[in-house]
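Everything on this sheet refers to the single structure shown next.
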Amino acid sequence: MIRPRKIFGQHWLKSEKALAEIVEAANLKQDDRILEIGPGTGILTRRLLPLVESLVAVEIDRDLCENLAKGLGKRENFLLLQGDFLELDLPALLEGFPAFQNPNKVVANIPYNITGPIIEKLLGTIAHPNPKPYDAIVLLIQKEVAERLVAKPASKACGALTVRVQYLAECELISIVPAKAFYPPPKVDSAVVRLIPRNIEPAADDPRKLDTLVKLGFGAKRKMLRNNLQSMIERDRLTQLLEQLQINPQVRAEELSIEQWVALSNQLVVNS
Ligand code: SAH
């Protein structure tokens with residue numbers, strides 16, 4: 001057993017049940033090309049490899065890479081890249097490896113400390129969505145973050161992350177994975193989530209405006225939307241606009257649905 005390192009957020013998954021849930025959630029097809037972030041000791045990698053066309057894994061820890069190369073290096077459909085997933089330019093690195101280019105699915109038990117940035121790199125942002133979206137992204141993440149991703153409007157977990165991610169992808173909570181499913185157990189429970197990138201309809205006419213609107217709207221917690229948006233639009237005009245959209249003028253950011261955010265953004269004329 002390789003000793004887990006804290007700095008890289010290493011917790012080895014050991015639960016058969018959780019591994020099976022991740023694999024099932026990915027609906028694997030023989031021609032799938034997988035991207036795995038943080039393969040660790042390769043426990044998930046080993047399950048995935050026989051089921052798919054190819055798998056490229058990105059692992060930051062050199063020692064783990066050496067170990068993975070020893071164990072899985074001979075498999076023809078496996079490619080290992082050593083580096084920081086957040087920093088590396090995947091398409092450029094894959095240029096010399098046609099069989100691994102354009103992975104269509106992401107399947108991974110990721111390091112929890114960089115969950116937000118990983119999701120953003122995979123999906124892009126409202127203003128700049130990933131131009132080549134994945135067919136599906138199945139991740140094992142911290143339960144609290146999973147709950148925020150799938151939150152419904154007005155629920156406690158609903159926040160800016162909810163709106164940013166749900167605008168770009170349909171989010172589904174597949175299963176809860178208890179801390180004891182890992183070695184060493186993390187302090188929190190985990191969950192398997194599946195994100196299916198989508199083009200929401202109707203879309204925002206000006207995605208950058210929506211991006212700013214969401215950022216400002218969630219600015220100060222538990223404040224009414226019209227107070228948080230004062231720098232963007234006068235209170236009275238916003239009140240009028242909200243009434244026109246049949247939204248309670250006293251609404252708070254976390255109570256709006258994605259459709260309402262889009263409608264608001266599309267109706268909003270910003271002084272510039
Ligand atoms: N998937 C394995 C390991 C999960 S722990 C399992 O299920 O058991 C998270 C893994 O991500 C570790 O192997 C860690 O070294 C790796 N990791 C951490 N930060 C990373 C980064 N920025 N880029 C790529 N891999 C990273």
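Each chain of the structure tokens is named A, B, ... in the order shown, its residues numbered from 1; ligands are numbered from 1 in display order.
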
Identify all residues of range 76-120 of chain A in strand (DSSP E) (DSSP on the backbone) and supply them as a compact mmCIF listing (two decimals) with N, CA, C and O atoms, in the first residue's frame.
```
# COMPACT_ATOMS: atom_id res chain seq x y z
N PHE A 78 -3.82 2.75 -22.35
CA PHE A 78 -3.58 3.61 -21.18
C PHE A 78 -2.45 4.59 -21.44
O PHE A 78 -1.37 4.20 -21.89
N LEU A 79 -2.72 5.86 -21.16
CA LEU A 79 -1.67 6.89 -21.27
C LEU A 79 -1.64 7.67 -19.97
O LEU A 79 -2.69 8.10 -19.47
N LEU A 80 -0.44 7.84 -19.42
CA LEU A 80 -0.30 8.55 -18.15
C LEU A 80 0.47 9.85 -18.38
O LEU A 80 1.54 9.85 -18.98
N LEU A 81 -0.11 10.95 -17.90
CA LEU A 81 0.58 12.24 -17.98
C LEU A 81 0.88 12.69 -16.56
O LEU A 81 -0.02 12.71 -15.71
N GLN A 82 2.15 13.03 -16.30
CA GLN A 82 2.49 13.52 -14.97
C GLN A 82 2.43 15.03 -14.98
O GLN A 82 3.07 15.69 -15.81
N LYS A 105 -15.44 11.47 -22.17
CA LYS A 105 -16.00 11.40 -20.82
C LYS A 105 -14.90 11.60 -19.77
O LYS A 105 -13.75 11.22 -20.01
N VAL A 106 -15.28 12.15 -18.65
CA VAL A 106 -14.37 12.28 -17.52
C VAL A 106 -14.90 11.40 -16.41
O VAL A 106 -16.10 11.46 -16.09
N VAL A 107 -14.05 10.55 -15.87
CA VAL A 107 -14.45 9.71 -14.74
C VAL A 107 -13.33 9.79 -13.72
O VAL A 107 -12.19 9.45 -14.03
N ALA A 108 -13.63 10.26 -12.51
CA ALA A 108 -12.53 10.47 -11.57
C ALA A 108 -12.98 10.65 -10.13
O ALA A 108 -14.05 11.20 -9.86
N ASN A 109 -12.13 10.16 -9.25
CA ASN A 109 -12.22 10.50 -7.83
C ASN A 109 -11.15 11.56 -7.61
O ASN A 109 -9.98 11.24 -7.53
```

Show me a table, sorted first by chain and then by increasing residue number, of the residues of chain A having an atom at most 10 Å from ligand 1, each with its shortest atom pair and the distance in Å to one decimal, counting only C-alpha atoms and all ligand atoms and written as JSON lines.
```
{"residue": "A:Pro4", "atom": "CA", "partner": "ligand 1", "partner_atom_place_in_ligand_line": "12 (C)", "distance": 8.0}
{"residue": "A:Arg5", "atom": "CA", "partner": "ligand 1", "partner_atom_place_in_ligand_line": "15 (O)", "distance": 7.4}
{"residue": "A:Lys6", "atom": "CA", "partner": "ligand 1", "partner_atom_place_in_ligand_line": "15 (O)", "distance": 8.9}
{"residue": "A:Ile7", "atom": "CA", "partner": "ligand 1", "partner_atom_place_in_ligand_line": "18 (C)", "distance": 7.8}
{"residue": "A:Phe8", "atom": "CA", "partner": "ligand 1", "partner_atom_place_in_ligand_line": "18 (C)", "distance": 4.2}
{"residue": "A:Gly9", "atom": "CA", "partner": "ligand 1", "partner_atom_place_in_ligand_line": "9 (C)", "distance": 5.5}
{"residue": "A:Gln10", "atom": "CA", "partner": "ligand 1", "partner_atom_place_in_ligand_line": "5 (S)", "distance": 3.8}
{"residue": "A:His11", "atom": "CA", "partner": "ligand 1", "partner_atom_place_in_ligand_line": "5 (S)", "distance": 4.6}
{"residue": "A:Trp12", "atom": "CA", "partner": "ligand 1", "partner_atom_place_in_ligand_line": "8 (O)", "distance": 3.4}
{"residue": "A:Leu13", "atom": "CA", "partner": "ligand 1", "partner_atom_place_in_ligand_line": "8 (O)", "distance": 4.0}
{"residue": "A:Lys14", "atom": "CA", "partner": "ligand 1", "partner_atom_place_in_ligand_line": "8 (O)", "distance": 7.0}
{"residue": "A:Ser15", "atom": "CA", "partner": "ligand 1", "partner_atom_place_in_ligand_line": "7 (O)", "distance": 9.4}
{"residue": "A:Ala18", "atom": "CA", "partner": "ligand 1", "partner_atom_place_in_ligand_line": "7 (O)", "distance": 9.6}
{"residue": "A:Leu19", "atom": "CA", "partner": "ligand 1", "partner_atom_place_in_ligand_line": "7 (O)", "distance": 8.2}
{"residue": "A:Glu36", "atom": "CA", "partner": "ligand 1", "partner_atom_place_in_ligand_line": "1 (N)", "distance": 8.0}
{"residue": "A:Ile37", "atom": "CA", "partner": "ligand 1", "partner_atom_place_in_ligand_line": "24 (C)", "distance": 5.5}
{"residue": "A:Gly38", "atom": "CA", "partner": "ligand 1", "partner_atom_place_in_ligand_line": "11 (O)", "distance": 3.2}
{"residue": "A:Pro39", "atom": "CA", "partner": "ligand 1", "partner_atom_place_in_ligand_line": "1 (N)", "distance": 4.0}
{"residue": "A:Gly40", "atom": "CA", "partner": "ligand 1", "partner_atom_place_in_ligand_line": "13 (O)", "distance": 3.1}
{"residue": "A:Thr41", "atom": "CA", "partner": "ligand 1", "partner_atom_place_in_ligand_line": "8 (O)", "distance": 6.0}
{"residue": "A:Gly42", "atom": "CA", "partner": "ligand 1", "partner_atom_place_in_ligand_line": "2 (C)", "distance": 6.2}
{"residue": "A:Ile43", "atom": "CA", "partner": "ligand 1", "partner_atom_place_in_ligand_line": "8 (O)", "distance": 5.8}
{"residue": "A:Leu44", "atom": "CA", "partner": "ligand 1", "partner_atom_place_in_ligand_line": "7 (O)", "distance": 5.9}
{"residue": "A:Thr45", "atom": "CA", "partner": "ligand 1", "partner_atom_place_in_ligand_line": "1 (N)", "distance": 7.7}
{"residue": "A:Ala57", "atom": "CA", "partner": "ligand 1", "partner_atom_place_in_ligand_line": "24 (C)", "distance": 8.4}
{"residue": "A:Val58", "atom": "CA", "partner": "ligand 1", "partner_atom_place_in_ligand_line": "24 (C)", "distance": 5.2}
{"residue": "A:Glu59", "atom": "CA", "partner": "ligand 1", "partner_atom_place_in_ligand_line": "25 (N)", "distance": 3.9}
{"residue": "A:Ile60", "atom": "CA", "partner": "ligand 1", "partner_atom_place_in_ligand_line": "25 (N)", "distance": 4.2}
{"residue": "A:Asp61", "atom": "CA", "partner": "ligand 1", "partner_atom_place_in_ligand_line": "15 (O)", "distance": 4.9}
{"residue": "A:Arg62", "atom": "CA", "partner": "ligand 1", "partner_atom_place_in_ligand_line": "15 (O)", "distance": 8.6}
{"residue": "A:Asp63", "atom": "CA", "partner": "ligand 1", "partner_atom_place_in_ligand_line": "15 (O)", "distance": 9.2}
{"residue": "A:Leu64", "atom": "CA", "partner": "ligand 1", "partner_atom_place_in_ligand_line": "13 (O)", "distance": 7.1}
{"residue": "A:Cys65", "atom": "CA", "partner": "ligand 1", "partner_atom_place_in_ligand_line": "13 (O)", "distance": 9.0}
{"residue": "A:Leu81", "atom": "CA", "partner": "ligand 1", "partner_atom_place_in_ligand_line": "24 (C)", "distance": 8.9}
{"residue": "A:Gln82", "atom": "CA", "partner": "ligand 1", "partner_atom_place_in_ligand_line": "24 (C)", "distance": 7.6}
{"residue": "A:Gly83", "atom": "CA", "partner": "ligand 1", "partner_atom_place_in_ligand_line": "23 (N)", "distance": 5.9}
{"residue": "A:Asp84", "atom": "CA", "partner": "ligand 1", "partner_atom_place_in_ligand_line": "23 (N)", "distance": 3.7}
{"residue": "A:Phe85", "atom": "CA", "partner": "ligand 1", "partner_atom_place_in_ligand_line": "23 (N)", "distance": 3.9}
{"residue": "A:Leu86", "atom": "CA", "partner": "ligand 1", "partner_atom_place_in_ligand_line": "22 (N)", "distance": 5.7}
{"residue": "A:Glu87", "atom": "CA", "partner": "ligand 1", "partner_atom_place_in_ligand_line": "22 (N)", "distance": 7.7}
{"residue": "A:Leu88", "atom": "CA", "partner": "ligand 1", "partner_atom_place_in_ligand_line": "23 (N)", "distance": 8.8}
{"residue": "A:Val107", "atom": "CA", "partner": "ligand 1", "partner_atom_place_in_ligand_line": "1 (N)", "distance": 9.3}
{"residue": "A:Ala108", "atom": "CA", "partner": "ligand 1", "partner_atom_place_in_ligand_line": "1 (N)", "distance": 6.0}
{"residue": "A:Asn109", "atom": "CA", "partner": "ligand 1", "partner_atom_place_in_ligand_line": "1 (N)", "distance": 4.4}
{"residue": "A:Ile110", "atom": "CA", "partner": "ligand 1", "partner_atom_place_in_ligand_line": "9 (C)", "distance": 4.8}
{"residue": "A:Pro111", "atom": "CA", "partner": "ligand 1", "partner_atom_place_in_ligand_line": "9 (C)", "distance": 4.1}
{"residue": "A:Tyr112", "atom": "CA", "partner": "ligand 1", "partner_atom_place_in_ligand_line": "9 (C)", "distance": 7.5}
{"residue": "A:Asn113", "atom": "CA", "partner": "ligand 1", "partner_atom_place_in_ligand_line": "19 (N)", "distance": 8.1}
{"residue": "A:Ile114", "atom": "CA", "partner": "ligand 1", "partner_atom_place_in_ligand_line": "22 (N)", "distance": 7.3}
{"residue": "A:Thr115", "atom": "CA", "partner": "ligand 1", "partner_atom_place_in_ligand_line": "19 (N)", "distance": 9.8}
{"residue": "A:Pro117", "atom": "CA", "partner": "ligand 1", "partner_atom_place_in_ligand_line": "22 (N)", "distance": 9.6}
{"residue": "A:Ile118", "atom": "CA", "partner": "ligand 1", "partner_atom_place_in_ligand_line": "22 (N)", "distance": 8.5}
{"residue": "A:Leu139", "atom": "CA", "partner": "ligand 1", "partner_atom_place_in_ligand_line": "1 (N)", "distance": 9.9}
{"residue": "A:Leu140", "atom": "CA", "partner": "ligand 1", "partner_atom_place_in_ligand_line": "7 (O)", "distance": 8.3}
{"residue": "A:Ile141", "atom": "CA", "partner": "ligand 1", "partner_atom_place_in_ligand_line": "4 (C)", "distance": 10.0}
{"residue": "A:Ala181", "atom": "CA", "partner": "ligand 1", "partner_atom_place_in_ligand_line": "7 (O)", "distance": 9.9}
{"residue": "A:Phe182", "atom": "CA", "partner": "ligand 1", "partner_atom_place_in_ligand_line": "8 (O)", "distance": 7.6}
{"residue": "A:Tyr183", "atom": "CA", "partner": "ligand 1", "partner_atom_place_in_ligand_line": "8 (O)", "distance": 8.3}
```

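Minimum atom-to-atom distances from A:Leu55, A:Leu229, A:Ala169, A:Ile137 to Arg75 in chain A were compared using only C-alpha atoms, and the lowest value belongs to A:Leu55.
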
Quick one: residues within 7 Å of Ile174 in chain A, only C-alpha atoms, excluding same-chain residues fewer than 3 positions away - as a ChimeraX atom specification? /A:192-194

Show which residues sit within 10 Å of Leu216 in chain A, as a VMD selection string. Count only C-alpha atoms, and ignore same-chain residues fewer than 6 positions away. chain A and resid 160 210 225 227 to 232 253

N, CA and C atoms of the current selection, written as a PDB file, in the first residue's frame:
```pdb
ATOM      1  N   ALA A 160     -23.999  30.598  -5.740  1.00  0.00           N
ATOM      2  CA  ALA A 160     -23.459  31.004  -7.039  1.00  0.00           C
ATOM      3  C   ALA A 160     -22.937  29.799  -7.822  1.00  0.00           C
ATOM      4  N   LEU A 210     -24.657  37.838 -17.895  1.00  0.00           N
ATOM      5  CA  LEU A 210     -25.201  36.888 -16.917  1.00  0.00           C
ATOM      6  C   LEU A 210     -24.152  36.512 -15.867  1.00  0.00           C
ATOM      7  N   LEU A 225     -31.849  40.633  -3.696  1.00  0.00           N
ATOM      8  CA  LEU A 225     -31.161  40.773  -4.980  1.00  0.00           C
ATOM      9  C   LEU A 225     -31.013  42.244  -5.372  1.00  0.00           C
ATOM     10  N   ASN A 227     -30.678  44.821  -3.657  1.00  0.00           N
ATOM     11  CA  ASN A 227     -29.611  45.538  -2.946  1.00  0.00           C
ATOM     12  C   ASN A 227     -28.235  45.132  -3.467  1.00  0.00           C
ATOM     13  N   ASN A 228     -28.082  43.840  -3.737  1.00  0.00           N
ATOM     14  CA  ASN A 228     -26.781  43.375  -4.245  1.00  0.00           C
ATOM     15  C   ASN A 228     -26.487  43.904  -5.650  1.00  0.00           C
ATOM     16  N   LEU A 229     -27.536  44.210  -6.387  1.00  0.00           N
ATOM     17  CA  LEU A 229     -27.337  44.616  -7.787  1.00  0.00           C
ATOM     18  C   LEU A 229     -27.326  46.128  -7.985  1.00  0.00           C
ATOM     19  N   GLN A 230     -27.272  46.857  -6.866  1.00  0.00           N
ATOM     20  CA  GLN A 230     -27.385  48.319  -6.966  1.00  0.00           C
ATOM     21  C   GLN A 230     -26.372  48.960  -7.911  1.00  0.00           C
ATOM     22  N   SER A 231     -25.169  48.378  -7.978  1.00  0.00           N
ATOM     23  CA  SER A 231     -24.146  48.990  -8.841  1.00  0.00           C
ATOM     24  C   SER A 231     -24.451  48.749 -10.317  1.00  0.00           C
ATOM     25  N   MET A 232     -25.331  47.804 -10.594  1.00  0.00           N
ATOM     26  CA  MET A 232     -25.611  47.436 -11.982  1.00  0.00           C
ATOM     27  C   MET A 232     -26.914  48.072 -12.477  1.00  0.00           C
ATOM     28  N   ALA A 253     -30.941  36.159  -4.182  1.00  0.00           N
ATOM     29  CA  ALA A 253     -30.283  35.470  -5.310  1.00  0.00           C
ATOM     30  C   ALA A 253     -30.535  33.962  -5.284  1.00  0.00           C
TER      31      ALA A 253
END
```

Nearest to Ala154 in chain A among A:Ala20, A:Leu35, A:Val251, A:Val52, with distances taken over only C-alpha atoms: which residue is it?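 That would be A:Val251, the residue with the smallest distance to Ala154 in chain A.
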
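Taking CA of Arg33 in chain A as the reference point, CA of Glu66 in chain A is found at 22.8 Å.
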
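Reported to one decimal place, the separation of CA of Val269 in chain A from CA of Pro197 in chain A is 28.4 Å.
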
Contacts of Ile126 in chain A at 9 Å or less, counting only C-alpha atoms, minus same-chain residues fewer than 6 places along, as a list of chain:residue names? A:Arg164, A:Val165, A:Tyr167, A:Leu168, A:Pro207, A:Arg208, A:Leu210, A:Asp211

Filtering to N, CA and C atoms, could you give me those residues as a compact mmCIF listing (two decimals), in the first residue's frame?
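Saved file out_16.txt follows:
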```
# COMPACT_ATOMS: atom_id res chain seq x y z
N ARG A 164 -23.87 28.79 -11.67
CA ARG A 164 -22.80 28.74 -12.67
C ARG A 164 -22.71 27.37 -13.32
N VAL A 165 -22.81 26.32 -12.50
CA VAL A 165 -22.64 24.97 -13.05
C VAL A 165 -23.92 24.50 -13.74
N TYR A 167 -26.09 26.19 -15.25
CA TYR A 167 -26.28 26.85 -16.55
C TYR A 167 -25.57 26.04 -17.64
N LEU A 168 -24.47 25.40 -17.28
CA LEU A 168 -23.64 24.70 -18.27
C LEU A 168 -23.89 23.21 -18.33
N PRO A 207 -23.76 36.20 -22.43
CA PRO A 207 -23.31 35.37 -21.31
C PRO A 207 -22.42 36.12 -20.32
N ARG A 208 -21.67 37.11 -20.83
CA ARG A 208 -20.81 37.84 -19.89
C ARG A 208 -21.63 38.67 -18.92
N LEU A 210 -24.66 37.84 -17.89
CA LEU A 210 -25.20 36.89 -16.92
C LEU A 210 -24.15 36.51 -15.87
N ASP A 211 -22.93 36.30 -16.33
CA ASP A 211 -21.83 35.95 -15.42
C ASP A 211 -21.68 37.03 -14.33
```

Selection near Leu173 in chain A, 12 Å with only C-alpha atoms, sequence-local residues under 2 positions removed, as a PyMOL selection string: chain A and resi 21-22+25+137-151+170-171+175-177+190-196

Could you state the separation of CA of Ser257 in chain A and CA of Lys132 in chain A in Å, given to one decimal place?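 Pair CA of Ser257 in chain A / CA of Lys132 in chain A returns 25.8 Å.
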
Within 8 Å of Leu245 in chain A, counting only C-alpha atoms, which residues qualify if same-chain residues fewer than 4 places away don't, as a list in words? Leu241, Ala263 and Leu264 of chain A

Using DSSP assignments from the backbone, pull out every residue in range 90-128 of chain A that falls under helix (DSSP H, G or I) and give it to me as a list in words. Leu90, Pro91, Ala92, Leu93, Pro98, Ala99, Phe100, Tyr112, Asn113, Ile114, Thr115, Gly116, Pro117, Ile118, Ile119, Glu120, Lys121, Leu122 and Leu123 of chain A

Selected residues, all heavy atoms, written as a compact mmCIF listing (two decimals), in the first residue's frame, please.
```txt
# COMPACT_ATOMS: atom_id res chain seq x y z
N LEU A 90 -4.06 20.07 -22.11
CA LEU A 90 -4.31 18.68 -22.51
C LEU A 90 -4.29 18.48 -24.04
O LEU A 90 -3.58 17.59 -24.52
CB LEU A 90 -5.64 18.22 -21.90
CG LEU A 90 -5.87 16.72 -21.83
CD1 LEU A 90 -4.81 16.01 -21.00
CD2 LEU A 90 -7.25 16.43 -21.25
N PRO A 91 -5.04 19.27 -24.81
CA PRO A 91 -5.00 19.06 -26.26
C PRO A 91 -3.59 19.11 -26.83
O PRO A 91 -3.23 18.29 -27.69
CB PRO A 91 -5.85 20.22 -26.82
CG PRO A 91 -6.72 20.63 -25.68
CD PRO A 91 -5.95 20.36 -24.42
N ALA A 92 -2.77 20.04 -26.34
CA ALA A 92 -1.40 20.14 -26.85
C ALA A 92 -0.60 18.89 -26.48
O ALA A 92 0.12 18.34 -27.32
CB ALA A 92 -0.72 21.39 -26.29
N LEU A 93 -0.75 18.42 -25.25
CA LEU A 93 0.00 17.24 -24.81
C LEU A 93 -0.42 15.98 -25.56
O LEU A 93 0.35 15.04 -25.72
CB LEU A 93 -0.18 17.02 -23.31
CG LEU A 93 0.56 18.01 -22.42
CD1 LEU A 93 0.10 17.87 -20.99
CD2 LEU A 93 2.06 17.78 -22.52
N PRO A 98 -2.81 10.14 -31.04
CA PRO A 98 -4.15 10.21 -31.64
C PRO A 98 -5.20 9.35 -30.93
O PRO A 98 -6.36 9.74 -30.84
CB PRO A 98 -3.93 9.75 -33.08
CG PRO A 98 -2.50 9.41 -33.23
CD PRO A 98 -1.76 9.82 -32.01
N ALA A 99 -4.82 8.22 -30.42
CA ALA A 99 -5.81 7.32 -29.81
C ALA A 99 -6.40 7.89 -28.52
O ALA A 99 -7.40 7.37 -28.01
CB ALA A 99 -5.18 5.96 -29.54
N PHE A 100 -5.76 8.93 -27.99
CA PHE A 100 -6.21 9.47 -26.70
C PHE A 100 -6.79 10.89 -26.83
O PHE A 100 -7.23 11.47 -25.85
CB PHE A 100 -5.05 9.48 -25.70
CG PHE A 100 -4.52 8.11 -25.42
CD1 PHE A 100 -3.51 7.57 -26.20
CD2 PHE A 100 -5.05 7.35 -24.39
CE1 PHE A 100 -3.03 6.29 -25.96
CE2 PHE A 100 -4.57 6.07 -24.14
CZ PHE A 100 -3.56 5.53 -24.93
N TYR A 112 -10.22 16.82 -3.41
CA TYR A 112 -11.33 17.69 -3.04
C TYR A 112 -10.94 19.16 -2.92
O TYR A 112 -11.77 20.04 -3.12
CB TYR A 112 -11.97 17.23 -1.72
CG TYR A 112 -12.64 15.88 -1.82
CD1 TYR A 112 -13.18 15.27 -0.70
CD2 TYR A 112 -12.75 15.24 -3.05
CE1 TYR A 112 -13.80 14.03 -0.80
CE2 TYR A 112 -13.36 14.01 -3.15
CZ TYR A 112 -13.89 13.40 -2.02
OH TYR A 112 -14.50 12.19 -2.12
N ASN A 113 -9.66 19.41 -2.60
CA ASN A 113 -9.26 20.80 -2.38
C ASN A 113 -9.30 21.64 -3.66
O ASN A 113 -9.27 22.84 -3.60
CB ASN A 113 -7.88 20.87 -1.71
CG ASN A 113 -6.84 20.05 -2.45
OD1 ASN A 113 -7.16 19.06 -3.11
ND2 ASN A 113 -5.59 20.45 -2.37
N ILE A 114 -9.35 20.98 -4.81
CA ILE A 114 -9.41 21.76 -6.06
C ILE A 114 -10.65 21.39 -6.90
O ILE A 114 -10.64 21.49 -8.13
CB ILE A 114 -8.11 21.62 -6.89
CG1 ILE A 114 -7.75 20.14 -7.12
CG2 ILE A 114 -6.97 22.36 -6.24
CD1 ILE A 114 -6.59 19.97 -8.12
N THR A 115 -11.72 21.02 -6.22
CA THR A 115 -12.95 20.61 -6.93
C THR A 115 -13.49 21.73 -7.83
O THR A 115 -13.78 21.50 -9.01
CB THR A 115 -14.04 20.21 -5.92
OG1 THR A 115 -13.55 19.14 -5.12
CG2 THR A 115 -15.31 19.75 -6.63
N GLY A 116 -13.61 22.94 -7.26
CA GLY A 116 -14.17 24.06 -8.03
C GLY A 116 -13.37 24.34 -9.30
O GLY A 116 -13.92 24.34 -10.41
N PRO A 117 -12.05 24.54 -9.15
CA PRO A 117 -11.23 24.77 -10.35
C PRO A 117 -11.26 23.62 -11.36
O PRO A 117 -11.24 23.85 -12.57
CB PRO A 117 -9.82 24.96 -9.77
CG PRO A 117 -10.03 25.42 -8.37
CD PRO A 117 -11.31 24.80 -7.91
N ILE A 118 -11.34 22.37 -10.88
CA ILE A 118 -11.40 21.24 -11.83
C ILE A 118 -12.70 21.32 -12.63
O ILE A 118 -12.70 21.22 -13.87
CB ILE A 118 -11.29 19.88 -11.10
CG1 ILE A 118 -9.87 19.66 -10.61
CG2 ILE A 118 -11.71 18.73 -12.03
CD1 ILE A 118 -9.66 18.37 -9.82
N ILE A 119 -13.82 21.54 -11.94
CA ILE A 119 -15.10 21.63 -12.64
C ILE A 119 -15.09 22.78 -13.63
O ILE A 119 -15.56 22.65 -14.77
CB ILE A 119 -16.27 21.74 -11.63
CG1 ILE A 119 -16.40 20.43 -10.86
CG2 ILE A 119 -17.58 22.08 -12.35
CD1 ILE A 119 -17.47 20.42 -9.80
N GLU A 120 -14.49 23.89 -13.21
CA GLU A 120 -14.44 25.03 -14.13
C GLU A 120 -13.59 24.73 -15.36
O GLU A 120 -13.92 25.12 -16.47
CB GLU A 120 -13.92 26.27 -13.39
CG GLU A 120 -13.96 27.49 -14.28
CD GLU A 120 -13.71 28.79 -13.54
OE1 GLU A 120 -14.20 28.93 -12.39
OE2 GLU A 120 -13.01 29.65 -14.09
N LYS A 121 -12.49 24.00 -15.14
CA LYS A 121 -11.65 23.67 -16.31
C LYS A 121 -12.40 22.70 -17.25
O LYS A 121 -12.24 22.76 -18.47
CB LYS A 121 -10.32 23.06 -15.85
CG LYS A 121 -9.39 22.76 -17.01
CD LYS A 121 -7.92 22.83 -16.67
CE LYS A 121 -7.08 22.54 -17.92
NZ LYS A 121 -5.66 22.55 -17.69
N LEU A 122 -13.22 21.83 -16.69
CA LEU A 122 -13.94 20.86 -17.52
C LEU A 122 -15.12 21.49 -18.25
O LEU A 122 -15.38 21.17 -19.40
CB LEU A 122 -14.43 19.69 -16.65
CG LEU A 122 -13.33 18.83 -16.01
CD1 LEU A 122 -13.94 17.81 -15.05
CD2 LEU A 122 -12.49 18.13 -17.07
N LEU A 123 -15.85 22.38 -17.57
CA LEU A 123 -17.07 22.95 -18.16
C LEU A 123 -16.84 24.32 -18.79
O LEU A 123 -17.59 24.73 -19.65
CB LEU A 123 -18.15 23.12 -17.09
CG LEU A 123 -18.81 21.88 -16.50
CD1 LEU A 123 -19.78 22.29 -15.40
CD2 LEU A 123 -19.54 21.08 -17.57
```

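Among the candidates A:Val56, A:Glu254, A:Ile247, A:Arg3, the one nearest to Gly219 in chain A when counting only C-alpha atoms is A:Glu254.
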
Nearest residue to Lys215 in chain A from the set A:Thr162, A:Gln240, A:Pro50, A:Pro249 (distances using only C-alpha atoms):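 Comparing A:Thr162, A:Gln240, A:Pro50, A:Pro249 against Lys215 in chain A, the winner is A:Thr162.
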